[in-house]
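File shown: my_file01.cif. Contents: mmCIF, C-alpha atoms.
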data_entry
#
loop_
_atom_site.label_atom_id
_atom_site.label_comp_id
_atom_site.auth_asym_id
_atom_site.auth_seq_id
_atom_site.Cartn_x
_atom_site.Cartn_y
_atom_site.Cartn_z
CA MET A 273 -31.40 -141.23 210.98
CA GLY A 274 -33.85 -139.16 213.01
CA THR A 275 -31.02 -137.03 214.38
CA LEU A 276 -29.69 -136.43 210.86
CA ASN A 277 -33.11 -135.26 209.63
CA THR A 278 -33.45 -132.94 212.61
CA LEU A 279 -30.05 -131.41 211.87
CA ARG A 280 -30.98 -130.94 208.21
CA LYS A 281 -34.19 -129.17 209.14
CA ALA A 282 -32.39 -126.93 211.61
CA TYR A 283 -29.75 -126.11 209.00
CA GLY A 284 -32.46 -125.33 206.45
CA VAL A 285 -34.22 -122.95 208.84
CA LEU A 286 -30.91 -121.24 209.55
CA LYS A 287 -30.26 -120.78 205.82
CA ASP A 288 -33.71 -119.24 205.34
CA LYS A 289 -33.14 -116.76 208.16
CA THR A 290 -29.75 -115.83 206.72
CA LYS A 291 -31.22 -115.19 203.27
CA ILE A 292 -33.97 -113.04 204.75
CA GLY A 293 -31.39 -111.02 206.69
CA LEU A 294 -29.27 -110.48 203.59
CA ALA A 295 -32.32 -109.45 201.55
CA LYS A 296 -33.21 -106.76 204.08
CA PHE A 297 -29.92 -104.96 203.51
CA ASN A 298 -28.58 -105.99 200.09
CA SER A 299 -31.57 -106.33 197.75
CA ASN A 300 -33.25 -103.80 195.49
CA PHE A 301 -36.34 -106.05 195.63
CA LYS A 302 -36.35 -106.55 199.40
CA GLU A 303 -40.03 -107.30 199.91
CA LEU A 304 -40.19 -109.71 196.97
CA ASP A 305 -37.03 -111.58 197.97
CA ILE A 306 -38.29 -112.01 201.51
CA ALA A 307 -41.70 -113.21 200.25
CA ILE A 308 -40.04 -115.80 197.97
CA VAL A 309 -37.84 -117.17 200.77
CA LYS A 310 -40.73 -117.33 203.24
CA ALA A 311 -43.11 -118.93 200.70
CA THR A 312 -40.54 -121.57 199.78
CA ASN A 313 -38.82 -122.21 203.11
CA HIS A 314 -37.65 -125.58 204.49
CA ILE A 315 -40.78 -126.18 206.60
CA GLU A 316 -42.75 -129.17 205.30
CA SER A 317 -46.10 -127.43 204.81
CA PRO A 318 -47.80 -125.63 201.91
CA PRO A 319 -46.69 -122.05 201.17
CA LYS A 320 -48.46 -119.51 203.34
CA GLU A 321 -51.11 -117.56 201.51
CA ARG A 322 -49.92 -114.10 202.49
CA HIS A 323 -46.48 -114.74 200.98
CA VAL A 324 -47.95 -116.18 197.78
CA ARG A 325 -50.22 -113.14 197.43
CA LYS A 326 -47.20 -110.84 197.63
CA ILE A 327 -45.66 -112.74 194.72
CA PHE A 328 -48.93 -112.38 192.79
CA ALA A 329 -48.82 -108.63 193.40
CA ALA A 330 -45.17 -108.39 192.35
CA THR A 331 -45.96 -110.04 189.00
CA SER A 332 -49.21 -108.23 188.24
CA VAL A 333 -49.81 -106.36 185.00
CA SER A 334 -49.43 -103.04 186.85
CA ARG A 335 -45.80 -103.74 187.75
CA PRO A 336 -42.80 -102.93 185.54
CA GLN A 337 -41.56 -105.72 183.30
CA THR A 338 -38.21 -105.65 185.09
CA ASP A 339 -39.92 -106.55 188.39
CA ILE A 340 -41.67 -109.53 186.81
CA ALA A 341 -38.47 -110.70 185.13
CA TYR A 342 -36.63 -110.46 188.45
CA CYS A 343 -39.27 -112.61 190.18
CA VAL A 344 -39.03 -115.33 187.53
CA GLN A 345 -35.23 -115.32 187.73
CA ALA A 346 -35.27 -115.41 191.53
CA LEU A 347 -37.60 -118.42 191.62
CA ALA A 348 -35.62 -120.27 188.94
CA LYS A 349 -32.30 -119.52 190.68
CA ARG A 350 -33.59 -120.76 194.05
CA LEU A 351 -34.90 -123.92 192.39
CA SER A 352 -31.61 -124.64 190.62
CA LYS A 353 -29.55 -124.25 193.80
CA THR A 354 -31.66 -126.02 196.40
CA ARG A 355 -30.89 -129.55 197.57
CA SER A 356 -34.12 -129.89 199.53
CA TRP A 357 -37.14 -131.63 198.03
CA ILE A 358 -39.34 -129.51 200.31
CA VAL A 359 -38.01 -126.22 198.95
CA ALA A 360 -38.14 -127.51 195.36
CA THR A 361 -41.76 -128.65 195.74
CA LYS A 362 -42.82 -125.33 197.27
CA ILE A 363 -41.13 -123.36 194.49
CA LEU A 364 -43.00 -125.40 191.89
CA ILE A 365 -46.26 -124.85 193.79
CA VAL A 366 -45.68 -121.09 193.79
CA ILE A 367 -44.94 -121.12 190.05
CA HIS A 368 -47.98 -123.32 189.39
CA ARG A 369 -50.34 -121.16 191.42
CA THR A 370 -49.03 -117.95 189.84
CA LEU A 371 -49.62 -119.45 186.40
CA ARG A 372 -53.17 -120.39 187.39
CA GLU A 373 -54.19 -117.42 189.52
CA GLY A 374 -51.81 -114.61 188.63
CA ASP A 375 -51.75 -112.24 185.69
CA PRO A 376 -50.71 -113.47 182.21
CA THR A 377 -47.65 -111.24 182.48
CA PHE A 378 -45.99 -113.86 184.70
CA ARG A 379 -46.66 -116.61 182.14
CA ASP A 380 -45.32 -114.47 179.30
CA GLU A 381 -42.10 -113.71 181.17
CA LEU A 382 -41.77 -117.37 182.12
CA LEU A 383 -42.05 -118.29 178.44
CA ASN A 384 -39.30 -115.81 177.59
CA TYR A 385 -37.10 -117.21 180.34
CA ALA A 386 -37.80 -120.81 179.32
CA HIS A 387 -36.91 -119.97 175.71
CA ARG A 388 -33.35 -119.37 176.89
CA GLY A 389 -33.22 -122.91 178.26
CA ASN A 390 -33.09 -121.95 181.92
CA PHE A 391 -36.53 -122.98 183.10
CA LEU A 392 -37.05 -125.31 186.07
CA GLN A 393 -33.49 -126.64 186.13
CA ILE A 394 -33.13 -129.29 188.82
CA SER A 395 -30.21 -131.14 187.26
CA ASN A 396 -28.07 -130.21 190.29
CA PHE A 397 -30.69 -131.55 192.68
CA LYS A 398 -28.81 -133.69 195.21
CA ASP A 399 -31.63 -134.58 197.59
CA ASP A 400 -31.40 -138.31 198.32
CA SER A 401 -34.99 -138.69 199.53
CA SER A 402 -37.53 -140.94 197.82
CA HIS A 403 -39.54 -137.85 196.86
CA PHE A 404 -37.03 -136.65 194.28
CA ALA A 405 -38.64 -138.59 191.39
CA TRP A 406 -42.01 -136.97 192.05
CA VAL A 407 -40.51 -133.47 192.17
CA LYS A 408 -38.98 -134.04 188.74
CA THR A 409 -42.31 -135.33 187.39
CA TYR A 410 -44.10 -132.25 188.68
CA ALA A 411 -41.51 -129.97 187.07
CA VAL A 412 -41.88 -131.79 183.73
CA PHE A 413 -45.67 -131.33 183.89
CA LEU A 414 -45.27 -127.57 184.37
CA GLU A 415 -42.81 -127.40 181.47
CA LYS A 416 -45.26 -129.32 179.28
CA ARG A 417 -47.98 -126.91 180.37
CA LEU A 418 -45.96 -124.04 178.90
CA ASP A 419 -45.15 -126.06 175.76
CA CYS A 420 -48.87 -126.67 175.27
CA PHE A 421 -49.55 -122.94 175.49
CA ARG A 422 -46.97 -122.32 172.76
CA VAL A 423 -48.86 -124.69 170.45
CA LEU A 424 -52.40 -123.63 171.35
CA GLN A 425 -51.69 -119.91 171.84
CA TYR A 426 -54.26 -119.80 174.63
CA ASP A 427 -54.44 -121.00 178.22
CA ILE A 428 -57.06 -123.69 178.83
CA GLU A 429 -57.38 -122.67 182.48
CA ALA A 430 -58.19 -119.10 181.43
CA GLU A 431 -61.20 -120.16 179.34
CA ARG A 432 -64.50 -119.11 180.85
CA LEU A 433 -67.00 -121.84 180.06
CA THR A 434 -70.24 -120.21 181.18
CA LYS A 435 -73.81 -121.24 180.68
CA LEU A 436 -75.46 -120.02 177.49
CA ALA A 437 -78.80 -118.21 177.39
CA SER A 438 -80.25 -121.16 175.47
CA GLY A 439 -79.66 -123.40 178.49
CA GLY A 440 -76.68 -125.30 177.11
CA SER A 441 -73.00 -124.88 177.90
CA SER A 442 -70.59 -122.82 175.86
CA ARG A 443 -67.95 -124.64 173.88
CA GLY A 444 -64.24 -124.24 174.30
CA GLN A 445 -61.93 -123.25 171.50
CA SER A 446 -61.22 -126.85 170.52
CA ARG A 447 -64.89 -127.21 169.54
CA ARG A 448 -64.44 -124.45 166.96
CA MET A 449 -61.10 -125.49 165.42
CA SER A 450 -60.57 -126.43 161.81
CA SER A 451 -59.44 -129.95 160.93
CA GLY A 452 -55.86 -128.75 160.48
CA GLU A 453 -55.84 -127.08 163.90
CA LEU A 454 -57.30 -130.20 165.50
CA ILE A 455 -54.60 -132.43 164.04
CA GLU A 456 -51.91 -130.04 165.29
CA GLN A 457 -53.29 -129.13 168.70
CA LEU A 458 -55.05 -132.24 170.03
CA PRO A 459 -51.76 -134.22 170.29
CA ALA A 460 -50.32 -131.37 172.40
CA LEU A 461 -53.32 -131.56 174.74
CA GLN A 462 -53.02 -135.34 174.93
CA GLN A 463 -49.33 -135.10 175.80
CA LEU A 464 -50.17 -132.63 178.56
CA LEU A 465 -52.82 -134.99 179.93
CA SER A 466 -50.29 -137.84 179.91
CA ARG A 467 -47.83 -135.73 181.92
CA LEU A 468 -50.63 -134.84 184.31
CA ILE A 469 -51.60 -138.47 184.87
CA GLY A 470 -47.91 -139.25 185.42
CA CYS A 471 -47.95 -136.97 188.47
CA GLN A 472 -49.54 -139.72 190.54
CA PRO A 473 -47.04 -140.22 193.39
CA GLU A 474 -45.66 -143.61 194.33
CA GLY A 475 -44.10 -145.12 197.42
CA ALA A 476 -43.40 -142.89 200.41
CA ALA A 477 -44.26 -139.77 198.42
CA SER A 478 -47.92 -140.84 198.38
CA ASP A 479 -48.31 -140.13 202.10
CA VAL A 480 -46.71 -136.67 202.16
CA TYR A 481 -49.26 -133.88 202.66
CA LEU A 482 -47.17 -131.29 200.81
CA ILE A 483 -47.10 -133.53 197.74
CA GLN A 484 -50.83 -134.20 198.04
CA TYR A 485 -51.38 -130.43 198.15
CA ALA A 486 -49.49 -130.01 194.88
CA LEU A 487 -51.33 -132.99 193.41
CA ALA A 488 -54.64 -131.25 194.19
CA LEU A 489 -53.54 -128.37 191.96
CA VAL A 490 -52.69 -130.85 189.21
CA LEU A 491 -56.04 -132.60 189.67
CA LYS A 492 -57.86 -129.29 189.20
CA GLU A 493 -56.24 -128.88 185.80
CA SER A 494 -57.31 -132.32 184.57
CA PHE A 495 -60.94 -131.32 184.11
CA LYS A 496 -60.50 -128.51 181.61
CA ILE A 497 -57.81 -130.46 179.77
CA TYR A 498 -60.18 -133.42 179.48
CA CYS A 499 -63.00 -131.11 178.35
CA ALA A 500 -60.79 -129.54 175.69
CA ILE A 501 -59.78 -132.96 174.39
CA ASN A 502 -63.36 -134.17 174.48
CA ASP A 503 -64.65 -131.14 172.58
CA GLY A 504 -61.83 -131.57 170.10
CA ILE A 505 -62.70 -135.23 169.52
CA MET A 506 -66.34 -134.33 168.93
CA ASN A 507 -65.23 -131.72 166.42
CA LEU A 508 -62.87 -134.24 164.85
CA ILE A 509 -65.75 -136.66 164.31
CA ASP A 510 -67.78 -133.94 162.61
CA VAL A 511 -65.09 -133.43 159.96
CA PHE A 512 -63.48 -136.89 159.87
CA PHE A 513 -65.42 -138.24 156.89
CA LYS A 514 -64.42 -135.22 154.82
CA MET A 515 -60.69 -135.68 155.43
CA SER A 516 -58.03 -136.80 153.02
CA GLN A 517 -56.37 -140.12 153.75
CA ASP A 518 -53.26 -138.57 155.31
CA ASP A 519 -55.28 -136.42 157.69
CA ALA A 520 -57.67 -139.28 158.45
CA VAL A 521 -54.75 -141.50 159.50
CA LYS A 522 -53.56 -138.83 161.94
CA ALA A 523 -57.09 -138.24 163.22
CA LEU A 524 -57.62 -141.95 163.77
CA GLY A 525 -54.45 -142.08 165.87
CA ILE A 526 -55.72 -139.17 167.96
CA TYR A 527 -59.07 -140.90 168.43
CA LYS A 528 -57.43 -144.17 169.52
CA ARG A 529 -55.19 -142.39 172.00
CA ALA A 530 -58.20 -140.61 173.45
CA GLY A 531 -59.72 -144.00 174.21
CA GLN A 532 -56.54 -145.17 175.94
CA GLN A 533 -56.37 -142.02 178.00
CA VAL A 534 -59.89 -142.54 179.28
CA GLU A 535 -58.65 -145.72 180.99
CA GLU A 536 -55.53 -144.00 182.33
CA LEU A 537 -57.50 -141.02 183.60
CA ALA A 538 -60.03 -143.31 185.28
CA GLU A 539 -57.19 -144.99 187.21
CA PHE A 540 -55.77 -141.60 188.18
CA TYR A 541 -59.15 -140.44 189.47
CA GLU A 542 -59.55 -143.69 191.39
CA TYR A 543 -56.29 -142.95 193.18
CA CYS A 544 -57.25 -139.33 193.86
CA LYS A 545 -60.55 -140.40 195.41
CA GLY A 546 -58.53 -141.77 198.32
CA LEU A 547 -56.94 -138.40 199.09
CA GLU A 548 -58.17 -136.47 202.09
CA LEU A 549 -58.22 -133.29 200.01
CA ALA A 550 -60.58 -134.88 197.49
CA LYS A 551 -62.80 -136.99 199.70
CA ASN A 552 -65.88 -134.83 199.10
CA PHE A 553 -65.29 -134.24 195.42
CA GLN A 554 -67.70 -135.60 192.78
CA PHE A 555 -65.62 -137.19 190.06
CA PRO A 556 -67.06 -137.58 186.56
CA ALA A 557 -67.72 -141.02 185.09
CA LEU A 558 -65.58 -141.61 182.00
CA ARG A 559 -66.72 -143.76 179.08
CA GLN A 560 -64.81 -145.47 176.30
CA PRO A 561 -65.52 -144.54 172.67
CA PRO A 562 -67.74 -147.18 171.00
CA PRO A 563 -65.58 -149.85 169.30
CA SER A 564 -68.08 -150.10 166.44
CA PHE A 565 -67.47 -146.48 165.48
CA LEU A 566 -63.72 -147.02 165.59
CA ALA A 567 -64.12 -149.84 163.08
CA THR A 568 -66.09 -147.53 160.78
CA MET A 569 -63.34 -144.93 160.96
CA GLU A 570 -60.73 -147.55 160.08
CA GLU A 571 -62.76 -148.60 157.06
CA TYR A 572 -62.95 -145.00 155.89
CA VAL A 573 -59.16 -144.59 156.19
CA LYS A 574 -58.66 -147.51 153.80
CA GLU A 575 -60.85 -145.94 151.10
CA ALA A 576 -60.38 -142.22 151.81
CA PRO A 577 -59.39 -139.94 148.92
CA GLN A 578 -55.75 -138.91 148.67
CA SER A 579 -56.70 -135.24 148.32
CA GLY A 580 -58.65 -133.33 150.92
CA SER A 581 -60.54 -131.23 148.38
CA VAL A 582 -64.30 -131.11 148.44
CA GLN A 583 -64.47 -132.18 144.80
CA ASN A 584 -62.50 -135.37 145.46
CA LYS A 585 -64.67 -136.07 148.47
CA LEU A 586 -67.83 -135.75 146.36
CA GLU A 587 -66.35 -138.01 143.68
CA TYR A 588 -65.44 -140.55 146.34
CA GLU A 589 -68.94 -140.55 147.79
CA GLY A 590 -70.37 -140.85 144.26
CA ARG A 591 -68.25 -143.91 143.53
CA GLU A 592 -69.32 -145.48 146.79
CA GLN A 593 -72.99 -144.92 146.01
CA VAL A 594 -72.66 -146.41 142.54
CA SER A 595 -70.65 -149.47 143.60
CA GLU A 596 -72.54 -150.28 146.79
CA VAL A 597 -76.23 -149.65 146.11
CA ALA A 598 -78.25 -151.16 148.95
CA SER A 599 -81.89 -152.12 149.01
CA ASP A 600 -84.44 -150.14 151.01
CA GLU A 601 -84.71 -153.03 153.43
CA THR A 602 -80.95 -152.99 154.05
CA LYS A 603 -81.03 -149.25 154.73
CA LYS A 604 -83.88 -149.75 157.16
CA GLN A 605 -81.97 -152.49 159.00
CA GLY A 606 -78.93 -150.23 159.15
CA GLU A 607 -80.92 -147.47 160.81
CA ILE A 608 -82.31 -149.94 163.33
CA ARG A 609 -78.82 -151.20 164.17
CA ILE A 610 -77.50 -147.65 164.74
CA ASN A 611 -80.45 -146.76 166.94
CA LYS A 612 -79.99 -149.95 168.97
CA LEU A 613 -76.28 -149.17 169.39
CA LEU A 614 -77.01 -145.72 170.79
CA ILE A 615 -79.82 -146.98 173.04
CA ASN A 616 -77.69 -149.86 174.37
CA GLU A 617 -74.82 -147.48 175.18
CA GLN A 618 -77.16 -145.26 177.20
CA GLU A 619 -78.89 -148.16 178.96
CA LYS A 620 -75.51 -149.72 179.86
CA SER A 621 -74.34 -146.45 181.39
CA LYS A 622 -77.53 -146.16 183.44
CA LEU A 623 -76.98 -149.66 184.89
CA GLU A 624 -73.27 -149.21 185.63
CA GLU A 625 -73.40 -145.62 186.92
CA PRO A 626 -76.74 -145.11 188.68
CA ARG A 627 -75.41 -142.23 190.83
CA GLN A 628 -74.04 -140.14 187.96
CA LEU A 629 -75.78 -137.60 185.78
CA ILE A 630 -77.57 -138.96 182.73
CA PRO A 631 -74.91 -139.87 180.12
CA MET A 632 -75.40 -138.59 176.59
CA GLY A 633 -74.17 -139.90 173.29
CA ASP A 634 -70.84 -138.10 173.34
CA LEU A 635 -68.07 -140.52 172.51
CA LEU A 636 -65.88 -139.65 175.49
CA GLY A 637 -68.65 -139.20 178.01
CA PRO A 638 -69.81 -135.63 178.68
CA TYR A 639 -73.13 -135.48 180.46
CA GLU A 640 -76.44 -133.74 180.10
CA THR A 641 -76.67 -130.32 181.67
CA ASN A 642 -79.24 -130.22 184.43
CA PRO A 643 -80.33 -127.57 186.97
CA THR A 644 -77.86 -128.85 189.60
CA THR A 645 -74.75 -128.57 187.45
CA LEU A 646 -73.64 -125.18 188.75
CA GLU A 647 -74.21 -126.32 192.32
CA ILE A 648 -72.12 -129.46 191.72
CA GLU A 649 -69.28 -127.38 190.27
CA LYS A 650 -69.35 -125.08 193.28
CA ASN A 651 -69.29 -128.06 195.66
CA ASN A 652 -66.32 -129.49 193.80
CA ALA A 653 -64.54 -126.15 194.12
CA MET A 654 -65.10 -126.23 197.85
CA ALA A 655 -63.96 -129.85 198.07
CA LEU A 656 -60.50 -129.12 196.66
CA ALA A 657 -60.16 -125.44 197.45
CA ILE A 658 -56.81 -124.51 198.93
CA VAL A 659 -57.26 -121.67 201.40
CA PRO A 660 -55.54 -120.70 204.63
CA SER A 661 -56.47 -122.72 207.69
CA GLY A 662 -59.35 -121.22 209.65
CA THR A 663 -60.86 -119.56 206.58
CA ASN A 664 -64.65 -119.59 206.26
CA LEU A 665 -65.18 -121.44 202.97
CA ALA A 666 -68.76 -120.25 202.77
CA SER A 667 -67.49 -116.71 202.25
CA HIS A 668 -65.38 -117.67 199.23
CA ASP A 669 -66.89 -118.00 195.75
CA LEU A 670 -64.53 -120.55 194.26
CA SER A 671 -66.62 -121.69 191.33
CA GLU A 672 -64.72 -119.42 188.95
CA GLN A 673 -61.50 -121.26 189.77
CA TRP A 674 -62.96 -124.51 188.61
CA GLU A 675 -65.46 -124.02 185.79
CA LEU A 676 -65.11 -127.68 184.93
CA ALA A 677 -67.67 -127.65 182.13
CA LEU A 678 -67.65 -131.43 182.19
CA PHE A 679 -71.40 -131.61 182.08
CA THR A 680 -71.93 -130.37 178.54
CA THR A 681 -74.64 -131.33 176.12
CA PRO A 682 -73.55 -132.35 172.61
CA SER A 683 -75.17 -130.33 169.84
CA ASN A 684 -77.89 -131.99 167.83
CA ASN A 685 -75.83 -131.25 164.73
CA THR A 686 -72.97 -133.38 166.09
CA THR A 687 -75.16 -136.38 166.91
CA HIS A 688 -77.01 -136.16 163.60
CA ALA A 689 -73.77 -135.77 161.68
CA VAL A 690 -72.27 -138.88 163.27
CA GLU A 691 -75.38 -140.94 162.63
CA SER A 692 -75.58 -139.63 159.07
CA GLU A 693 -71.96 -140.52 158.31
CA LEU A 694 -72.35 -143.97 159.86
CA HIS A 695 -75.47 -144.59 157.85
CA GLN A 696 -74.00 -143.26 154.62
CA LEU A 697 -70.74 -145.18 154.82
CA MET A 698 -72.11 -148.46 156.13
CA TYR A 699 -75.48 -148.83 154.45
CA THR A 700 -75.58 -146.83 151.22
#
Show this structure as structure tokens.
Amino acid sequence: MGTLNTLRKAYGVLKDKTKIGLAKFNSNFKELDIAIVKATNHIESPPKERHVRKIFAATSVSRPQTDIAYCVQALAKRLSKTRSWIVATKILIVIHRTLREGDPTFRDELLNYAHRGNFLQISNFKDDSSHFAWVKTYAVFLEKRLDCFRVLQYDIEAERLTKLASGGSSRGQSRRMSSGELIEQLPALQQLLSRLIGCQPEGAASDVYLIQYALALVLKESFKIYCAINDGIMNLIDVFFKMSQDDAVKALGIYKRAGQQVEELAEFYEYCKGLELAKNFQFPALRQPPPSFLATMEEYVKEAPQSGSVQNKLEYEGREQVSEVASDETKKQGEIRINKLLINEQEKSKLEEPRQLIPMGDLLGPYETNPTTLEIEKNNAMALAIVPSGTNLASHDLSEQWELALFTTPSNNTTHAVESELHQLMYT
């Protein structure tokens, strides 16, 4: 078996050298073709940075559209023809990194190419290694990443979540969406997160450094996806008690799935904590949405108006107030119960997670911004930064690549709105 693997590697190296030789004499895009072959060769190690940078340059906004289209076609063609899991993984890494770090022109051309049904084809993949299943999972995640962009019409990784002058953190686009946009776009984000979590390798693939390298890129993406979902859920709660019954049913399903994904994401992070690449990274603590609030949402769905108009909503609230008039003492007890619920949630988090930042009342667990947040983000960037060996990390400002924005403070309006709706629906 060892002799067979050695022969395969030798044959792969020979093929790479042959392709490079042909490119030198027969290609109109000689430098790009050579960079692609060298970045995605048969050697079981991450793509070399200098070759990846040449691909970035070839797909930059300053280059002709024909050059960018050629690069996309060349990568897709090499992927469809290879029988090596190493080459396939490295091609996907190059595509992933160019999507993350390159110009949007590459993504736009990739979308055009994918629209023709030719994107990331590995149906002819004949590699018989145990790593094949993971390569397919990684490819599906990248395809879902493009699908999500089609729905959202913006790239989550491109969002710059910087600190506001008021001391808080800026909100992503999902915090500013209308109820209709939330119902359409949050499921797309949740599907993307599911594909991301599914990238956890199993069996022999778990111990392969090249796969762990690719997984580190996937792990980086989880934070902004989680933030976008979390902001969207907070926004959903703000408008939930104004929704029609049809929209409320859909929103409730989104909320329930968010709770399930917290558990799945926690398991994924637990696995990633064991990776050498992530050993120094500070993972966020995730919290389940309060079950009591879920019950309140379910009660609202049963009695919600059929129409989403404001007038019907006001009529509905009026009928509720007439039919369920509570005494002052009952209202007072209701307020006490809500306050106790919020206090207990915070106290429980303090006991279970003494080393984490102070948890706030957000339903999916963002945390209070404190003076060390930016430093933590920078440390996390260093912990999973992928740079050439021998590079001085201290000279690289990698915080912009991360911008996790996990430590965000919920607005007072959000907390007050939730408490107000709980109080109104349960005790008036």
Please list as a ChimeraX atom specification every residue within 6 Å of stretch 469-483 of chain A, counting only C-alpha atoms and excluding residues in the same chain fewer than 2 positions away. /A:317-318,403,409,466-467,485-486
Have a look at A:Arg379, A:Lys281, A:Lys574, A:His387 and name the one nearest to A:Ile358; count all atoms listed in the file. A:Lys281
Please evaluate the PyMOL selection byres ((chain A and resi 363) around 10) against the structure above and give the resulting residues as an NGL selection string. :A and (308-309 or 311-313 or 319 or 347-348 or 350-351 or 357-362 or 364-369 or 392 or 411)
Counting all atoms listed in the file, find residues at most 8 Å from (-52.2, -133.0, 186.8) (file frame) and give them as a list of chain:residue names.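 Using all atoms listed in the file, the matching residues come out as A:Phe413, A:Leu465, A:Arg467, A:Leu468, A:Ile469, A:Gly470, A:Cys471, A:Leu487, A:Ala488, A:Leu489, A:Val490, A:Leu491, A:Lys492, A:Glu493, A:Ser494.
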Between atom CA of A:Gln517 and atom CA of A:Glu453, what is the distance, to one decimal in Å?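 Atom CA of A:Gln517 sits 16.5 Å away from atom CA of A:Glu453.
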Would you kindly return, as a PDB file with C-alpha atoms, keeping the file's coordinate frame, each protein, DNA or RNA residue with an atom no farther than 12 Å from any atom of A:Glu381, considering only C-alpha atoms and excluding same-chain residues fewer than 6 positions away?
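Once written, result08.pdb looks like this:
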ATOM      1  CA  THR A 331     -45.960-110.040 189.000  1.00  0.00           C
ATOM      2  CA  SER A 332     -49.210-108.230 188.240  1.00  0.00           C
ATOM      3  CA  VAL A 333     -49.810-106.360 185.000  1.00  0.00           C
ATOM      4  CA  PRO A 336     -42.800-102.930 185.540  1.00  0.00           C
ATOM      5  CA  GLN A 337     -41.560-105.720 183.300  1.00  0.00           C
ATOM      6  CA  THR A 338     -38.210-105.650 185.090  1.00  0.00           C
ATOM      7  CA  ASP A 339     -39.920-106.550 188.390  1.00  0.00           C
ATOM      8  CA  ILE A 340     -41.670-109.530 186.810  1.00  0.00           C
ATOM      9  CA  ALA A 341     -38.470-110.700 185.130  1.00  0.00           C
ATOM     10  CA  TYR A 342     -36.630-110.460 188.450  1.00  0.00           C
ATOM     11  CA  CYS A 343     -39.270-112.610 190.180  1.00  0.00           C
ATOM     12  CA  VAL A 344     -39.030-115.330 187.530  1.00  0.00           C
ATOM     13  CA  GLN A 345     -35.230-115.320 187.730  1.00  0.00           C
ATOM     14  CA  ILE A 367     -44.940-121.120 190.050  1.00  0.00           C
ATOM     15  CA  THR A 370     -49.030-117.950 189.840  1.00  0.00           C
ATOM     16  CA  LEU A 371     -49.620-119.450 186.400  1.00  0.00           C
ATOM     17  CA  ASP A 375     -51.750-112.240 185.690  1.00  0.00           C
ATOM     18  CA  HIS A 387     -36.910-119.970 175.710  1.00  0.00           C
ATOM     19  CA  ARG A 388     -33.350-119.370 176.890  1.00  0.00           C
ATOM     20  CA  PHE A 391     -36.530-122.980 183.100  1.00  0.00           C
ATOM     21  CA  LEU A 418     -45.960-124.040 178.900  1.00  0.00           C
TER      22      LEU A 418
END
Which residues would end up in the selection if the PyMOL selection byres ((chain A and resi 560-565) around 7) were applied here, given that I need the answer as JSON, numbers by chain? {"A": [531, 534, 558, 559, 566, 567, 568, 569, 635, 636]}
Find the distance between atom CA of A:Lys496 and atom CA of A:Ala430 and write it in Å to one decimal.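 According to the coordinates, atom CA of A:Lys496 and atom CA of A:Ala430 are separated by 9.7 Å.
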Please report the interatomic distance between atom CA of A:Glu571 and atom CA of A:Val521 in Å with one decimal.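 Separation between atom CA of A:Glu571 and atom CA of A:Val521: 11.0 Å.
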Could you check which of A:Glu316, A:Glu303, A:Asn298, A:Tyr527 is closest to A:Val285, using all atoms listed in the file? A:Glu316
If we count all atoms listed in the file and set the cut-off at 12 Å, which residues sit around A:Ala460, ignoring sequence neighbours fewer than 6 positions away in its own chain? Please answer as a list in words.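 Final neighbour list, sorted by chain and number: Lys416, Arg417, Leu418, Asp419, Cys420, Phe421, Arg422, Val423, Leu424, Gln425, Ser446, Glu453, Leu454, Ser466, Arg467, Ile497, Ala500, Ile501, Gly504 and Ile526 of chain A.
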List as a VMD selection string the protein and nucleic acid residues near A:Asn507, meaning an atom at most 10 Å away when all atoms listed in the file are counted, but skip any in the same chain fewer than 2 places from it. chain A and resid 446 to 451 454 501 to 505 509 to 512 686
Given the PyMOL selection byres ((chain A and resi 519) around 12) and the file above, list the residues it selects as a PyMOL selection string. chain A and resi 451-456+508+511-518+520-526+572-573+576-581
Between A:Met506, A:Ile306, A:Ile315, A:Leu279, smallest distance to A:Ile292 by all atoms listed in the file belongs to A:Ile306
Would you please work out which residue, of A:Gly374, A:Ile428, A:Ala330, A:Leu414, is nearest to A:Phe301 when using only C-alpha atoms? A:Ala330
Which residue is closest to A:Gln554? Choose from A:Phe495, A:Ala386, A:Ala530, A:Leu286 and count all atoms listed in the file.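 With all atoms listed in the file as the atom set, the closest residue is A:Phe495.
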